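Asker: Here it is, the structure, as structure tokens.
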Amino acid sequence: MIRRLMHSIREYRVQTIKTPVLVVLEVIMEVLIPLLMAQLIDRGIDAGEMTVVYKYGGALLAFALVSLTFGALAGKYAAEASAGFAANLRRDIFKNVQSFSFANIDKFSSSSIITRLTTDITNVQNAFQMVIRMAVRSPFMLVFALVAAFSIDHKLSMIFLALLPIMGVGLFLVIKFAFPVFMRVFKKYDKMNQRVQENLHGIRVVKSFVREKYESERFEEISKDIHDDFVKAERTVAFNMPLIQFCVFASMLLLSWFGARAIVASGNNAALGLSTGELMSLITYTMQILMSLMMLSMVMVMLTISKASAERIVEVLDEESDLKNGDDPIMEVPDGSIEFKNVCFSYSKDAAKLCLDNINLKINSGETIGIIGVTGSAKSTLIQLIPRLYDATCGSVMVGGIDVKEYDLQSLRDQVAVVLQKNILFSGTIRDNLRWGDRDATDEQLEHVCKLAQADKFINAYPEGYDTWIEQGGSNVSGGQKQRLCIARALLKHPKILILDDSTSAVDTATDSRIREALRSEMPNTTKLIIAQRIASVQDADRIIIMDDGHISNFGTHEELLKSSSIYREVFESQQKGGLGA
């Protein structure tokens, strides 16, 4: 896991190496300062030698300034390294997510991916900065200060060693009991983000049904769960601080008691035992040793928290897309013909839960095919196998006479334009959104496809025209306008296959008819698949597929289906009576 995360350091490797080097130099300066202080007290102040006071005082000032410089530089490089590491990690996750199939995204959920890109990466960033600074500083300070303390008086220094096991056991218990709680908290963060995302996405529905109180109660419920878990984890972590303080005060009391007795016994003579300056140095080393242990415990707690985050991040980084190119992918799609051979499909990869079962279908290039069926009959599932948004569980899907798995994914999808049931526009201008279909499209090409999609009139009615700003998700345009813009965007690709998945449901029948007529006259060689609820939207298609519970019930022209399909005839007659066939 650590090795996988370290790949994201990349161009910040130099800062990552410089930081611990500077930290070690800072520690060396800080450990030498108490030794100089002992000499200042014993040889200068106690002896009344001002020359010695000036000499060691100047040395202390110089060492302090050098230590400060090393510390400031270490902080600077640590900040650069950690921020850069987090930026690269965020970029790596986002890049990998872009390669995911729909099945991979379904596995994690969008709210969980957002939590990993934000909260989890922040935790790992903080841990990384602590590792290259405090995790280096603490053990080096502990070792160097212990060596210096033992060089002064090895008997008194045993006090430190006696207290180390107490702190070690305390730290172990904190980690053991806190880690599972933090792991549980981050999973609940996913759930909370999901609820917030659902609420904001469906805020119009929430307000229209006056469900604000209910949504607030749902949020309060998950928020309280997170609060309770954090209180439990922090209470466990908080146990660490009084334990460390106990060790600090106990060591200082013991050191002062036995040190004072040693000074009296030696007559304040370092050669005979212990001097005042050496006792002051030992007290300083006490603080350095125990503060280093305190920092080390903080690092361990932070690593405990970040370990849960790191595992979740690596889980996304290591996830491989279900959809991959072959060793020698085909880059050209010959034509828009489509064939399904004994195709079955299950979202759960469970043969007992097939959404599509034994689909056999052949569509000629340039044909217009209508697809109708009741809700849940797997119409959308069928068309999503063509551009490899999912792979068939069994059987093969052919485009241009070649199995879709043999194509380069980008080349295949460049020739298959899909206007999905859930139309999505992105924040930006209308022009920006349209150029998703072709980034190099001219203004004339934009205007032409908008005329085909019957979008030109409402665009030109805006004061800004094609430079009109679209809010996130297209919230400032109507459903019908959004659908027409998405159709225009798809037409810019000049695809060999055009799939409209119920993408004219929000426009009136007259506009729907004009769109279909424009597609028929302007794109005669493009294979067009039109999923619709209205038979009027597909009755002039070359052939119509009737989907029923994951099977193709019938396949033929409008006239043929009226004679042979009871399902089609029943829907047609009900829509005619209801006035939907006009």
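Quick note on naming: the chains in the structure tokens go A, B, ... in the order shown, residues restart at 1 in each chain, and ligands are numbered from 1 in order of appearance.
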Which residues are near Thr276 of chain A? Cut-off 8 Å, only C-alpha atoms, ignore same chain within fewer than 5 positions. Put them as a VMD selection string.

Answerer: chain A and resid 38 41 to 42 263 268

Asker: Tell me, as a CSV table (one decimal) with N, CA and C atoms, in the first residue's frame, which residues lie within 9 Å of Lys493 of chain A, counting only C-alpha atoms; anything in the same chain fewer than 4 positions away does not count.

Answerer:
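File produced: result-v4.csv:
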```csv
chain,number,residue,atom,x,y,z
A,414,ASP,N,-16.1,6.9,-30.6
A,414,ASP,CA,-16.1,8.0,-31.5
A,414,ASP,C,-17.1,7.8,-32.6
A,415,GLN,N,-17.4,6.6,-32.9
A,415,GLN,CA,-18.4,6.3,-34.0
A,415,GLN,C,-19.7,5.9,-33.5
A,416,VAL,N,-19.9,5.8,-32.2
A,416,VAL,CA,-21.2,5.5,-31.6
A,416,VAL,C,-21.6,6.7,-30.7
A,417,ALA,N,-22.6,7.5,-31.1
A,417,ALA,CA,-23.0,8.6,-30.3
A,417,ALA,C,-24.3,8.2,-29.5
A,436,TRP,N,-18.3,19.3,-27.0
A,436,TRP,CA,-18.0,18.0,-26.4
A,436,TRP,C,-18.1,17.0,-27.6
A,437,GLY,N,-18.9,17.2,-28.5
A,437,GLY,CA,-19.1,16.3,-29.7
A,437,GLY,C,-17.9,16.4,-30.6
A,438,ASP,N,-17.4,17.7,-30.8
A,438,ASP,CA,-16.2,17.9,-31.7
A,438,ASP,C,-15.6,19.2,-31.2
A,489,ARG,N,-25.3,17.9,-29.7
A,489,ARG,CA,-23.9,17.6,-29.3
A,489,ARG,C,-23.5,16.2,-29.8
```

Asker: List the spatial neighbours of Val343 of chain A as a JSON list (two decimals) with C-alpha atoms, in the first residue's frame - criterion: any atom at most 7 Å away, only C-alpha atoms, same-chain residues fewer than 6 positions off excluded.

Answerer:
```json
[["chain", "number", "residue", "atom", "x", "y", "z"],
["A", 357, "ASP", "CA", -31.25, -13.38, -22.19],
["A", 358, "ASN", "CA", -30.34, -14.99, -25.52],
["A", 359, "ILE", "CA", -30.57, -11.86, -27.67],
["A", 360, "ASN", "CA", -30.11, -12.48, -31.40],
["A", 392, "ALA", "CA", -21.96, -8.72, -22.50],
["A", 394, "CYS", "CA", -22.09, -14.07, -22.68],
["A", 395, "GLY", "CA", -22.35, -14.03, -26.45],
["A", 396, "SER", "CA", -20.94, -11.29, -28.67]]
```

Asker: I'd like a table as JSON lines: residues in segment 262-323 of chain A with an atom no more than 9 Å from segment 74-94 of chain A, each row giving the shortest atom pair and its distance in Å to one decimal, only C-alpha atoms counted, sorted by chain and rising residue number.

Answerer:
```
{"residue": "A:Ile313", "atom": "CA", "partner": "A:Ile93", "partner_atom": "CA", "distance": 7.7}
{"residue": "A:Val314", "atom": "CA", "partner": "A:Ile93", "partner_atom": "CA", "distance": 8.8}
{"residue": "A:Val316", "atom": "CA", "partner": "A:Ile93", "partner_atom": "CA", "distance": 6.7}
{"residue": "A:Leu317", "atom": "CA", "partner": "A:Ile93", "partner_atom": "CA", "distance": 5.8}
```

Asker: Store the residues picked out above in a file with N, CA and C atoms, as a tab-separated table (two decimals), in the first residue's frame.

Answerer:
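Saved the output as result-v6.tsv:
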```tsv
chain	number	residue	atom	x	y	z
A	313	ILE	N	-8.07	4.81	-0.50
A	313	ILE	CA	-7.49	5.46	-1.68
A	313	ILE	C	-6.86	4.42	-2.60
A	314	VAL	N	-6.07	3.54	-2.01
A	314	VAL	CA	-5.39	2.50	-2.82
A	314	VAL	C	-6.41	1.57	-3.47
A	316	VAL	N	-9.18	2.43	-4.80
A	316	VAL	CA	-9.59	3.07	-6.05
A	316	VAL	C	-8.44	3.06	-7.06
A	317	LEU	N	-7.22	3.34	-6.58
A	317	LEU	CA	-6.06	3.37	-7.47
A	317	LEU	C	-5.80	2.00	-8.11
```

Asker: I need the residue nearest Val477 of chain A from this list: A:Val418, A:Leu425, A:Met29, A:Val571. Use only C-alpha atoms for the distance.

Answerer: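 Closest to Val477 of chain A, using only C-alpha atoms: A:Leu425.
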
Asker: I'd like the interatomic distance between atom CA of Met280 of chain A and atom CA of Val169 of chain A, to a tenth of an Å.

Answerer: 29.1 Å

Asker: Excluding segment 178-193 of chain A and residues on its chain fewer than 6 positions from it, collect all residues at most 12 Å away from it, counting only C-alpha atoms, and give them as a count of residues only.

Answerer: 59

Asker: Which is closest to Leu254 of chain A among A:Asn325, A:Gln15, A:Ser101, A:Thr286, if we use only C-alpha atoms?

Answerer: A:Thr286

Asker: Using only C-alpha atoms, which residues sit within 9 Å of segment 448-461 of chain A once same-chain residues fewer than 3 positions away are excluded, as number ranges by chain?

Answerer: A: 430, 443-445, 464-466, 468, 481, 483-492, 511-512, 514-519, 522

Asker: I need the residues of segment 395-555 of chain A that end up classed as strand (DSSP E) by DSSP on the backbone, written out as a PDB file with N, CA and C atoms, in the first residue's frame.

Answerer:
```
ATOM      1  N   GLY A 395     -22.038 -14.390 -25.076  1.00  0.00           N
ATOM      2  CA  GLY A 395     -22.346 -14.030 -26.447  1.00  0.00           C
ATOM      3  C   GLY A 395     -21.454 -12.898 -26.922  1.00  0.00           C
ATOM      4  N   SER A 396     -21.762 -12.369 -28.107  1.00  0.00           N
ATOM      5  CA  SER A 396     -20.939 -11.293 -28.670  1.00  0.00           C
ATOM      6  C   SER A 396     -21.805 -10.233 -29.334  1.00  0.00           C
ATOM      7  N   VAL A 397     -21.329  -8.987 -29.209  1.00  0.00           N
ATOM      8  CA  VAL A 397     -21.964  -7.838 -29.856  1.00  0.00           C
ATOM      9  C   VAL A 397     -21.038  -7.397 -30.980  1.00  0.00           C
ATOM     10  N   MET A 398     -21.571  -7.341 -32.200  1.00  0.00           N
ATOM     11  CA  MET A 398     -20.769  -7.012 -33.371  1.00  0.00           C
ATOM     12  C   MET A 398     -21.158  -5.644 -33.903  1.00  0.00           C
ATOM     13  N   VAL A 399     -20.180  -4.846 -34.250  1.00  0.00           N
ATOM     14  CA  VAL A 399     -20.393  -3.559 -34.935  1.00  0.00           C
ATOM     15  C   VAL A 399     -19.505  -3.558 -36.178  1.00  0.00           C
ATOM     16  N   ILE A 402     -17.505  -6.778 -36.651  1.00  0.00           N
ATOM     17  CA  ILE A 402     -16.376  -7.078 -35.760  1.00  0.00           C
ATOM     18  C   ILE A 402     -16.862  -6.992 -34.312  1.00  0.00           C
ATOM     19  N   ASP A 403     -16.410  -7.949 -33.506  1.00  0.00           N
ATOM     20  CA  ASP A 403     -16.768  -7.936 -32.084  1.00  0.00           C
ATOM     21  C   ASP A 403     -16.287  -6.634 -31.450  1.00  0.00           C
ATOM     22  N   VAL A 416     -19.930   5.839 -32.190  1.00  0.00           N
ATOM     23  CA  VAL A 416     -21.238   5.532 -31.605  1.00  0.00           C
ATOM     24  C   VAL A 416     -21.625   6.689 -30.688  1.00  0.00           C
ATOM     25  N   ALA A 417     -22.574   7.493 -31.131  1.00  0.00           N
ATOM     26  CA  ALA A 417     -23.019   8.629 -30.319  1.00  0.00           C
ATOM     27  C   ALA A 417     -24.272   8.219 -29.550  1.00  0.00           C
ATOM     28  N   VAL A 418     -24.253   8.429 -28.253  1.00  0.00           N
ATOM     29  CA  VAL A 418     -25.367   8.022 -27.392  1.00  0.00           C
ATOM     30  C   VAL A 418     -25.921   9.240 -26.664  1.00  0.00           C
ATOM     31  N   VAL A 419     -27.221   9.451 -26.817  1.00  0.00           N
ATOM     32  CA  VAL A 419     -27.913  10.454 -26.004  1.00  0.00           C
ATOM     33  C   VAL A 419     -28.700   9.660 -24.971  1.00  0.00           C
ATOM     34  N   GLY A 428     -20.775  25.819 -18.139  1.00  0.00           N
ATOM     35  CA  GLY A 428     -20.043  26.412 -19.255  1.00  0.00           C
ATOM     36  C   GLY A 428     -21.048  26.998 -20.236  1.00  0.00           C
ATOM     37  N   THR A 429     -20.577  27.502 -21.347  1.00  0.00           N
ATOM     38  CA  THR A 429     -21.487  28.079 -22.341  1.00  0.00           C
ATOM     39  C   THR A 429     -22.139  26.971 -23.167  1.00  0.00           C
ATOM     40  N   TRP A 469     -24.590  31.094 -20.671  1.00  0.00           N
ATOM     41  CA  TRP A 469     -23.993  30.226 -19.651  1.00  0.00           C
ATOM     42  C   TRP A 469     -24.988  29.163 -19.197  1.00  0.00           C
ATOM     43  N   ILE A 470     -24.510  27.921 -19.184  1.00  0.00           N
ATOM     44  CA  ILE A 470     -25.305  26.797 -18.678  1.00  0.00           C
ATOM     45  C   ILE A 470     -24.831  26.474 -17.265  1.00  0.00           C
ATOM     46  N   ILE A 497     -23.182   5.250 -35.844  1.00  0.00           N
ATOM     47  CA  ILE A 497     -24.356   4.765 -35.108  1.00  0.00           C
ATOM     48  C   ILE A 497     -24.812   5.864 -34.158  1.00  0.00           C
ATOM     49  N   LEU A 498     -26.096   6.201 -34.216  1.00  0.00           N
ATOM     50  CA  LEU A 498     -26.672   7.211 -33.325  1.00  0.00           C
ATOM     51  C   LEU A 498     -27.750   6.542 -32.484  1.00  0.00           C
ATOM     52  N   ILE A 499     -27.608   6.657 -31.161  1.00  0.00           N
ATOM     53  CA  ILE A 499     -28.567   6.042 -30.240  1.00  0.00           C
ATOM     54  C   ILE A 499     -29.271   7.136 -29.455  1.00  0.00           C
ATOM     55  N   LEU A 500     -30.587   7.170 -29.561  1.00  0.00           N
ATOM     56  CA  LEU A 500     -31.394   8.135 -28.812  1.00  0.00           C
ATOM     57  C   LEU A 500     -32.222   7.356 -27.797  1.00  0.00           C
ATOM     58  N   ASP A 501     -31.813   7.413 -26.541  1.00  0.00           N
ATOM     59  CA  ASP A 501     -32.466   6.637 -25.488  1.00  0.00           C
ATOM     60  C   ASP A 501     -33.553   7.480 -24.828  1.00  0.00           C
ATOM     61  N   THR A 527     -26.683   4.566 -38.848  1.00  0.00           N
ATOM     62  CA  THR A 527     -27.640   3.661 -38.202  1.00  0.00           C
ATOM     63  C   THR A 527     -28.224   4.368 -36.988  1.00  0.00           C
ATOM     64  N   LYS A 528     -29.553   4.424 -36.924  1.00  0.00           N
ATOM     65  CA  LYS A 528     -30.204   5.178 -35.846  1.00  0.00           C
ATOM     66  C   LYS A 528     -31.072   4.232 -35.015  1.00  0.00           C
ATOM     67  N   LEU A 529     -30.797   4.202 -33.713  1.00  0.00           N
ATOM     68  CA  LEU A 529     -31.603   3.418 -32.768  1.00  0.00           C
ATOM     69  C   LEU A 529     -32.364   4.389 -31.884  1.00  0.00           C
ATOM     70  N   ILE A 530     -33.688   4.294 -31.915  1.00  0.00           N
ATOM     71  CA  ILE A 530     -34.516   5.260 -31.178  1.00  0.00           C
ATOM     72  C   ILE A 530     -35.368   4.511 -30.156  1.00  0.00           C
ATOM     73  N   ILE A 531     -35.033   4.706 -28.873  1.00  0.00           N
ATOM     74  CA  ILE A 531     -35.857   4.157 -27.796  1.00  0.00           C
ATOM     75  C   ILE A 531     -36.920   5.195 -27.454  1.00  0.00           C
ATOM     76  N   ARG A 543     -37.613  -0.696 -38.991  1.00  0.00           N
ATOM     77  CA  ARG A 543     -38.119  -1.825 -38.214  1.00  0.00           C
ATOM     78  C   ARG A 543     -38.195  -1.423 -36.747  1.00  0.00           C
ATOM     79  N   ILE A 544     -38.985  -2.166 -36.004  1.00  0.00           N
ATOM     80  CA  ILE A 544     -39.195  -1.843 -34.588  1.00  0.00           C
ATOM     81  C   ILE A 544     -38.970  -3.106 -33.757  1.00  0.00           C
ATOM     82  N   ILE A 545     -38.199  -2.932 -32.667  1.00  0.00           N
ATOM     83  CA  ILE A 545     -37.948  -4.029 -31.732  1.00  0.00           C
ATOM     84  C   ILE A 545     -38.900  -3.896 -30.546  1.00  0.00           C
ATOM     85  N   ILE A 546     -39.562  -4.979 -30.188  1.00  0.00           N
ATOM     86  CA  ILE A 546     -40.419  -4.994 -28.993  1.00  0.00           C
ATOM     87  C   ILE A 546     -39.668  -5.755 -27.907  1.00  0.00           C
ATOM     88  N   MET A 547     -39.278  -5.059 -26.847  1.00  0.00           N
ATOM     89  CA  MET A 547     -38.582  -5.688 -25.721  1.00  0.00           C
ATOM     90  C   MET A 547     -39.589  -6.072 -24.635  1.00  0.00           C
ATOM     91  N   ASP A 548     -39.400  -7.267 -24.086  1.00  0.00           N
ATOM     92  CA  ASP A 548     -40.291  -7.742 -23.030  1.00  0.00           C
ATOM     93  C   ASP A 548     -39.496  -8.588 -22.043  1.00  0.00           C
ATOM     94  N   HIS A 551     -36.126  -9.940 -23.222  1.00  0.00           N
ATOM     95  CA  HIS A 551     -36.163 -10.717 -24.463  1.00  0.00           C
ATOM     96  C   HIS A 551     -36.683  -9.838 -25.598  1.00  0.00           C
ATOM     97  N   ILE A 552     -36.358 -10.218 -26.829  1.00  0.00           N
ATOM     98  CA  ILE A 552     -36.959  -9.566 -27.994  1.00  0.00           C
ATOM     99  C   ILE A 552     -38.245 -10.314 -28.298  1.00  0.00           C
ATOM    100  N   SER A 553     -39.361  -9.644 -28.035  1.00  0.00           N
ATOM    101  CA  SER A 553     -40.660 -10.278 -28.231  1.00  0.00           C
ATOM    102  C   SER A 553     -41.014 -10.350 -29.715  1.00  0.00           C
ATOM    103  N   ASN A 554     -40.815  -9.235 -30.420  1.00  0.00           N
ATOM    104  CA  ASN A 554     -41.084  -9.163 -31.859  1.00  0.00           C
ATOM    105  C   ASN A 554     -40.141  -8.178 -32.510  1.00  0.00           C
ATOM    106  N   PHE A 555     -39.981  -8.298 -33.823  1.00  0.00           N
ATOM    107  CA  PHE A 555     -39.092  -7.407 -34.569  1.00  0.00           C
ATOM    108  C   PHE A 555     -39.639  -7.293 -35.991  1.00  0.00           C
TER     109      PHE A 555
END
```

Asker: Atom CA of Thr368 of chain A and atom CA of Arg413 of chain A, how far apart in Å?

Answerer: 19.1 Å

Asker: I'd like the contact shell of Val53 of chain A - 12 Å cut-off, only C-alpha atoms, skipping same-chain residues fewer than 5 positions apart - returned as a list in words.

Answerer: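 My list of contacting residues is Leu36, Met37, Ala38, Gln39, Leu40, Ile41, Asp42, Arg43, Gly44, Ile45, Asp46, Ala47, Gly48, Gly58, Ala59, Leu60 and Leu61 of chain A.
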
Asker: Return the single residue from A:Asp327, A:Gly373, A:Ile2, A:Phe128 that is closest to Ser565 of chain A, with distances computed using only C-alpha atoms.

Answerer: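 Of all the options, A:Gly373 lies closest to Ser565 of chain A.
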
Asker: Rounded to one decimal in Å, what is the spacing between atom CA of Glu26 of chain A and atom CA of Leu255 of chain A?

Answerer: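 Atom-to-atom, atom CA of Glu26 of chain A and atom CA of Leu255 of chain A are spaced 26.0 Å apart.
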
Asker: Closest to Leu561 of chain A among A:Leu173, A:Val299, A:Ala145, A:Ile535, using only C-alpha atoms?

Answerer: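 The answer is A:Ile535, which sits nearest to Leu561 of chain A.
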